[in-house]
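The next block holds one structure in the form of structure tokens; read it before the comments.
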Amino acid sequence: MEFKEISKLSPFYKEQVRLLWNREYPYVINQKSIEDFNQYLGLLKDKNHLLVIENSRVLGWCCDFIREGECWFAMILDTEIQGKGIGRNLIEKLKKRHNKLNGWVVIGENYLKENNQTYKSPIGFYKKLGFTVFEKEKLNSSILNAVKIQLKL
């Protein structure tokens with residue numbers, strides 16, 4: 001397994017990450033087209049991407065970016081590599097560059113993935129890594145229940 005850090009996704013990697021997003025995130029937030037994903041990425045400033053690659057296939061994506069003067073991140077891991085320390089490794093890499101990390105985490109087990117399996121919230125993973133969960137700071141979305149998490153170093 002290879003870890004690759006890049007500032008701009010090639011069209012090949014962009015499509016691989018979009019497909020990973022659609023497989024692993026709740027279906028209600030799928031990136032239906034590459035144009036949708038390009039629009040999402042275009043909203044992120046000062047992006048850095050960390051890819052987890054095996055046999056030319058992207059199995060993990062972590063992106064840190066600046067929003068309102070603070071570092072935020074998004075992370076997706078393929079089900080087959082979850083629970084193997086890779087997510088922790090990606091967070092450790094982010095911690096070397098930033099003294100505070102902010103993110104949104106989907107809560108609840110009432111969402112389905114593209115394959116109709118239940119989406120498992122990673123909130124416990126982030127709590128185990130020392131993130132603070134701000135239960136009252138919720139994502140302003142009618143389709144998704146998510147709360148803010150933060151790690152201060």
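All residue names refer to the structure tokens as shown: chains lettered A, B, ... in order, residues numbered from 1 in each chain, ligands numbered from 1 in order.
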
Subject >> Residue set, range 51-100 of chain A restricted to alpha helix (DSSP H), as a list of chain:residue names >> reply: A:Ile86, A:Gly87, A:Arg88, A:Asn89, A:Leu90, A:Ile91, A:Glu92, A:Lys93, A:Leu94, A:Lys95, A:Lys96, A:Arg97

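Residues in contact range of His98 in chain A, defined as at most 9 Å between only C-alpha atoms, with sequence neighbours fewer than 5 positions away removed, read A:Cys71, A:Lys152, A:Leu153.
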
Please produce a file of the residues just selected, as a PDB file, in the first residue's frame, where the atoms kept are N, CA and C atoms.
```pdb
ATOM      1  N   CYS A  71      -8.080  25.131   9.524  1.00  0.00           N
ATOM      2  CA  CYS A  71      -7.881  23.896   8.772  1.00  0.00           C
ATOM      3  C   CYS A  71      -9.044  22.951   9.020  1.00  0.00           C
ATOM      4  N   LYS A 152      -7.368  19.694  18.793  1.00  0.00           N
ATOM      5  CA  LYS A 152      -6.364  20.736  19.049  1.00  0.00           C
ATOM      6  C   LYS A 152      -5.120  20.076  19.568  1.00  0.00           C
ATOM      7  N   LEU A 153      -3.990  20.495  19.043  1.00  0.00           N
ATOM      8  CA  LEU A 153      -2.718  19.904  19.488  1.00  0.00           C
ATOM      9  C   LEU A 153      -1.989  20.842  20.420  1.00  0.00           C
TER      10      LEU A 153
END
```

**OP:** For Glu80 in chain A, work out the shell of residues within 9 Å, counting only C-alpha atoms and skipping chain neighbours fewer than 3 positions away, then give it as a PyMOL selection string.
**Re:** chain A and resi 59+77+83

Original post:
Could you pull the residues within 12 Å of range 127-144 of chain A, counting only C-alpha atoms, minus those fewer than 4 positions along the same chain, as a PyMOL selection string?
Top reply: chain A and resi 25-30+85+87-92+95+100-112+119+121-123+148-153

Subject >> Near-Ala74 in chain A list (7 Å; only C-alpha atoms; drop same-chain fewer than 4 positions) as a PyMOL selection string >> reply: chain A and resi 62-64+103

Save out the residues we just selected, N, CA, C and O atoms, as an mmCIF file, in the first residue's frame.
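Result file again08.cif:
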```cif
data_model
loop_
_atom_site.group_PDB
_atom_site.id
_atom_site.type_symbol
_atom_site.label_atom_id
_atom_site.label_comp_id
_atom_site.auth_asym_id
_atom_site.auth_seq_id
_atom_site.Cartn_x
_atom_site.Cartn_y
_atom_site.Cartn_z
ATOM 1 N N CYS A 62 -7.803 11.520 1.919
ATOM 2 C CA CYS A 62 -7.889 12.492 2.996
ATOM 3 C C CYS A 62 -7.503 13.831 2.384
ATOM 4 O O CYS A 62 -6.513 13.912 1.642
ATOM 5 N N CYS A 63 -8.272 14.844 2.647
ATOM 6 C CA CYS A 63 -8.006 16.166 2.083
ATOM 7 C C CYS A 63 -8.097 17.187 3.204
ATOM 8 O O CYS A 63 -9.082 17.219 3.933
ATOM 9 N N ASP A 64 -7.034 17.986 3.352
ATOM 10 C CA ASP A 64 -7.124 19.104 4.283
ATOM 11 C C ASP A 64 -7.208 20.385 3.466
ATOM 12 O O ASP A 64 -6.690 20.462 2.352
ATOM 13 N N GLY A 103 -13.648 19.089 11.361
ATOM 14 C CA GLY A 103 -14.333 18.257 10.382
ATOM 15 C C GLY A 103 -15.800 18.115 10.721
ATOM 16 O O GLY A 103 -16.247 18.507 11.804
#
```

Contact check, range 39-122 of chain A to range 3-9 of chain A, at most 9 Å, counting only C-alpha atoms, closest pairs as a Markdown table:
```
| residue | atom | partner | partner_atom | distance |
| --- | --- | --- | --- | --- |
| A:Asp46 | CA | A:Ser7 | CA | 8.2 |
| A:Lys47 | CA | A:Ser7 | CA | 6.1 |
| A:Asn48 | CA | A:Ser7 | CA | 4.6 |
| A:His49 | CA | A:Ile6 | CA | 5.3 |
| A:Leu50 | CA | A:Glu5 | CA | 4.5 |
| A:Leu51 | CA | A:Lys4 | CA | 5.0 |
| A:Val52 | CA | A:Phe3 | CA | 4.8 |
| A:Ile53 | CA | A:Phe3 | CA | 6.4 |
| A:Leu90 | CA | A:Phe3 | CA | 8.9 |
```

Hey, can you spit out that residue selection with all heavy atoms as a PDB file, in the first residue's frame?
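Result saved to part-v4.pdb:
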```pdb
ATOM      1  N   ASP A  46      -6.784  26.006  -0.724  1.00  0.00           N
ATOM      2  CA  ASP A  46      -5.470  25.518  -0.261  1.00  0.00           C
ATOM      3  C   ASP A  46      -5.513  24.028   0.076  1.00  0.00           C
ATOM      4  O   ASP A  46      -5.114  23.605   1.160  1.00  0.00           O
ATOM      5  CB  ASP A  46      -4.977  26.326   0.948  1.00  0.00           C
ATOM      6  CG  ASP A  46      -4.831  27.798   0.637  1.00  0.00           C
ATOM      7  OD1 ASP A  46      -4.399  28.121  -0.479  1.00  0.00           O
ATOM      8  OD2 ASP A  46      -5.157  28.628   1.513  1.00  0.00           O
ATOM      9  N   LYS A  47      -5.975  23.243  -0.876  1.00  0.00           N
ATOM     10  CA  LYS A  47      -6.158  21.795  -0.679  1.00  0.00           C
ATOM     11  C   LYS A  47      -4.830  21.035  -0.719  1.00  0.00           C
ATOM     12  O   LYS A  47      -3.946  21.359  -1.490  1.00  0.00           O
ATOM     13  CB  LYS A  47      -7.033  21.205  -1.786  1.00  0.00           C
ATOM     14  CG  LYS A  47      -8.400  21.758  -1.916  1.00  0.00           C
ATOM     15  CD  LYS A  47      -9.148  21.136  -3.075  1.00  0.00           C
ATOM     16  CE  LYS A  47      -8.857  21.706  -4.419  1.00  0.00           C
ATOM     17  NZ  LYS A  47      -9.156  23.093  -4.631  1.00  0.00           N
ATOM     18  N   ASN A  48      -4.763  20.005   0.105  1.00  0.00           N
ATOM     19  CA  ASN A  48      -3.720  18.988   0.038  1.00  0.00           C
ATOM     20  C   ASN A  48      -4.422  17.643   0.121  1.00  0.00           C
ATOM     21  O   ASN A  48      -5.270  17.438   0.985  1.00  0.00           O
ATOM     22  CB  ASN A  48      -2.736  19.112   1.205  1.00  0.00           C
ATOM     23  CG  ASN A  48      -1.886  20.350   1.081  1.00  0.00           C
ATOM     24  OD1 ASN A  48      -1.137  20.491   0.131  1.00  0.00           O
ATOM     25  ND2 ASN A  48      -2.035  21.258   2.026  1.00  0.00           N
ATOM     26  N   HIS A  49      -4.062  16.742  -0.772  1.00  0.00           N
ATOM     27  CA  HIS A  49      -4.691  15.426  -0.824  1.00  0.00           C
ATOM     28  C   HIS A  49      -3.695  14.357  -0.394  1.00  0.00           C
ATOM     29  O   HIS A  49      -2.534  14.390  -0.798  1.00  0.00           O
ATOM     30  CB  HIS A  49      -5.148  15.095  -2.258  1.00  0.00           C
ATOM     31  CG  HIS A  49      -6.063  16.109  -2.845  1.00  0.00           C
ATOM     32  ND1 HIS A  49      -7.416  16.105  -2.626  1.00  0.00           N
ATOM     33  CD2 HIS A  49      -5.819  17.173  -3.648  1.00  0.00           C
ATOM     34  CE1 HIS A  49      -7.969  17.104  -3.281  1.00  0.00           C
ATOM     35  NE2 HIS A  49      -7.017  17.774  -3.912  1.00  0.00           N
ATOM     36  N   LEU A  50      -4.160  13.432   0.405  1.00  0.00           N
ATOM     37  CA  LEU A  50      -3.400  12.235   0.756  1.00  0.00           C
ATOM     38  C   LEU A  50      -4.186  11.046   0.220  1.00  0.00           C
ATOM     39  O   LEU A  50      -5.349  10.866   0.571  1.00  0.00           O
ATOM     40  CB  LEU A  50      -3.266  12.104   2.277  1.00  0.00           C
ATOM     41  CG  LEU A  50      -2.307  13.056   2.963  1.00  0.00           C
ATOM     42  CD1 LEU A  50      -2.578  13.078   4.464  1.00  0.00           C
ATOM     43  CD2 LEU A  50      -0.883  12.635   2.697  1.00  0.00           C
ATOM     44  N   LEU A  51      -3.553  10.281  -0.641  1.00  0.00           N
ATOM     45  CA  LEU A  51      -4.210   9.117  -1.240  1.00  0.00           C
ATOM     46  C   LEU A  51      -3.586   7.841  -0.696  1.00  0.00           C
ATOM     47  O   LEU A  51      -2.377   7.778  -0.479  1.00  0.00           O
ATOM     48  CB  LEU A  51      -4.049   9.137  -2.761  1.00  0.00           C
ATOM     49  CG  LEU A  51      -4.606  10.354  -3.495  1.00  0.00           C
ATOM     50  CD1 LEU A  51      -4.275  10.265  -4.981  1.00  0.00           C
ATOM     51  CD2 LEU A  51      -6.102  10.487  -3.284  1.00  0.00           C
ATOM     52  N   VAL A  52      -4.421   6.854  -0.497  1.00  0.00           N
ATOM     53  CA  VAL A  52      -3.966   5.513  -0.156  1.00  0.00           C
ATOM     54  C   VAL A  52      -4.228   4.672  -1.404  1.00  0.00           C
ATOM     55  O   VAL A  52      -5.375   4.535  -1.829  1.00  0.00           O
ATOM     56  CB  VAL A  52      -4.730   4.939   1.058  1.00  0.00           C
ATOM     57  CG1 VAL A  52      -4.223   3.549   1.401  1.00  0.00           C
ATOM     58  CG2 VAL A  52      -4.634   5.876   2.253  1.00  0.00           C
ATOM     59  N   ILE A  53      -3.152   4.152  -1.980  1.00  0.00           N
ATOM     60  CA  ILE A  53      -3.253   3.470  -3.270  1.00  0.00           C
ATOM     61  C   ILE A  53      -2.717   2.050  -3.161  1.00  0.00           C
ATOM     62  O   ILE A  53      -1.673   1.819  -2.551  1.00  0.00           O
ATOM     63  CB  ILE A  53      -2.457   4.243  -4.348  1.00  0.00           C
ATOM     64  CG1 ILE A  53      -2.989   5.673  -4.464  1.00  0.00           C
ATOM     65  CG2 ILE A  53      -2.511   3.533  -5.697  1.00  0.00           C
ATOM     66  CD1 ILE A  53      -2.121   6.595  -5.274  1.00  0.00           C
ATOM     67  N   LEU A  90      -3.313   8.561   8.569  1.00  0.00           N
ATOM     68  CA  LEU A  90      -3.636   9.776   7.818  1.00  0.00           C
ATOM     69  C   LEU A  90      -3.817  10.974   8.748  1.00  0.00           C
ATOM     70  O   LEU A  90      -3.323  12.073   8.462  1.00  0.00           O
ATOM     71  CB  LEU A  90      -4.880   9.560   6.958  1.00  0.00           C
ATOM     72  CG  LEU A  90      -4.723   8.577   5.797  1.00  0.00           C
ATOM     73  CD1 LEU A  90      -6.078   8.286   5.155  1.00  0.00           C
ATOM     74  CD2 LEU A  90      -3.732   9.085   4.766  1.00  0.00           C
TER      75      LEU A  90
END
```

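For the pair CA of Arg97 in chain A and CA of Glu24 in chain A, the interatomic distance is 26.3 Å.
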
**OP:** Go through A:Asn38, A:Lys45, A:Leu20, A:Ile81 one by one, measure the shortest atom-to-atom distance of each to Trp61 in chain A using only C-alpha atoms, and give the residue with the smallest value.
**Re:**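 Among the listed residues, A:Leu20 lies closest to Trp61 in chain A.
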
Original post:
What gap, in Å, lies between CA of Asn116 in chain A and CA of Glu15 in chain A?
Top reply: 21.5 Å

Exercise: Leu44 in chain A partners within 8 Å, only C-alpha atoms, chain neighbours under 2 positions left out, as an mmCIF file with N, CA and C atoms, in the first residue's frame:
```
data_model
loop_
_atom_site.group_PDB
_atom_site.id
_atom_site.type_symbol
_atom_site.label_atom_id
_atom_site.label_comp_id
_atom_site.auth_asym_id
_atom_site.auth_seq_id
_atom_site.Cartn_x
_atom_site.Cartn_y
_atom_site.Cartn_z
ATOM 1 N N TYR A 40 -17.620 20.599 -5.863
ATOM 2 C CA TYR A 40 -17.289 20.443 -4.440
ATOM 3 C C TYR A 40 -15.824 20.806 -4.198
ATOM 4 N N LEU A 41 -14.921 20.222 -4.979
ATOM 5 C CA LEU A 41 -13.493 20.487 -4.793
ATOM 6 C C LEU A 41 -13.165 21.954 -5.023
ATOM 7 N N GLY A 42 -13.874 22.588 -5.938
ATOM 8 C CA GLY A 42 -13.633 24.003 -6.231
ATOM 9 C C GLY A 42 -13.939 24.917 -5.063
ATOM 10 N N ASP A 46 -6.784 26.006 -0.724
ATOM 11 C CA ASP A 46 -5.470 25.518 -0.261
ATOM 12 C C ASP A 46 -5.513 24.028 0.076
ATOM 13 N N LYS A 47 -5.975 23.243 -0.876
ATOM 14 C CA LYS A 47 -6.158 21.795 -0.679
ATOM 15 C C LYS A 47 -4.830 21.035 -0.719
ATOM 16 N N PHE A 65 -7.910 21.377 4.009
ATOM 17 C CA PHE A 65 -8.160 22.623 3.294
ATOM 18 C C PHE A 65 -8.471 23.716 4.304
ATOM 19 N N ILE A 66 -8.452 24.945 3.831
ATOM 20 C CA ILE A 66 -8.712 26.085 4.706
ATOM 21 C C ILE A 66 -10.129 26.604 4.455
ATOM 22 N N ARG A 67 -10.852 26.768 5.556
ATOM 23 C CA ARG A 67 -12.205 27.342 5.528
ATOM 24 C C ARG A 67 -12.269 28.354 6.663
#
```

Original post:
Taking the backbone alone, and naming residues the way the document does, which bits of chain A are strand (DSSP E or B) by DSSP, as a ChimeraX atom specification?
Top reply: /A:2-6,45-54,57-67,70-77,100-106,112,118,132-138,146-152

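A straight line drawn from CA of Gln39 in chain A to CA of Trp21 in chain A is 14.4 Å long.
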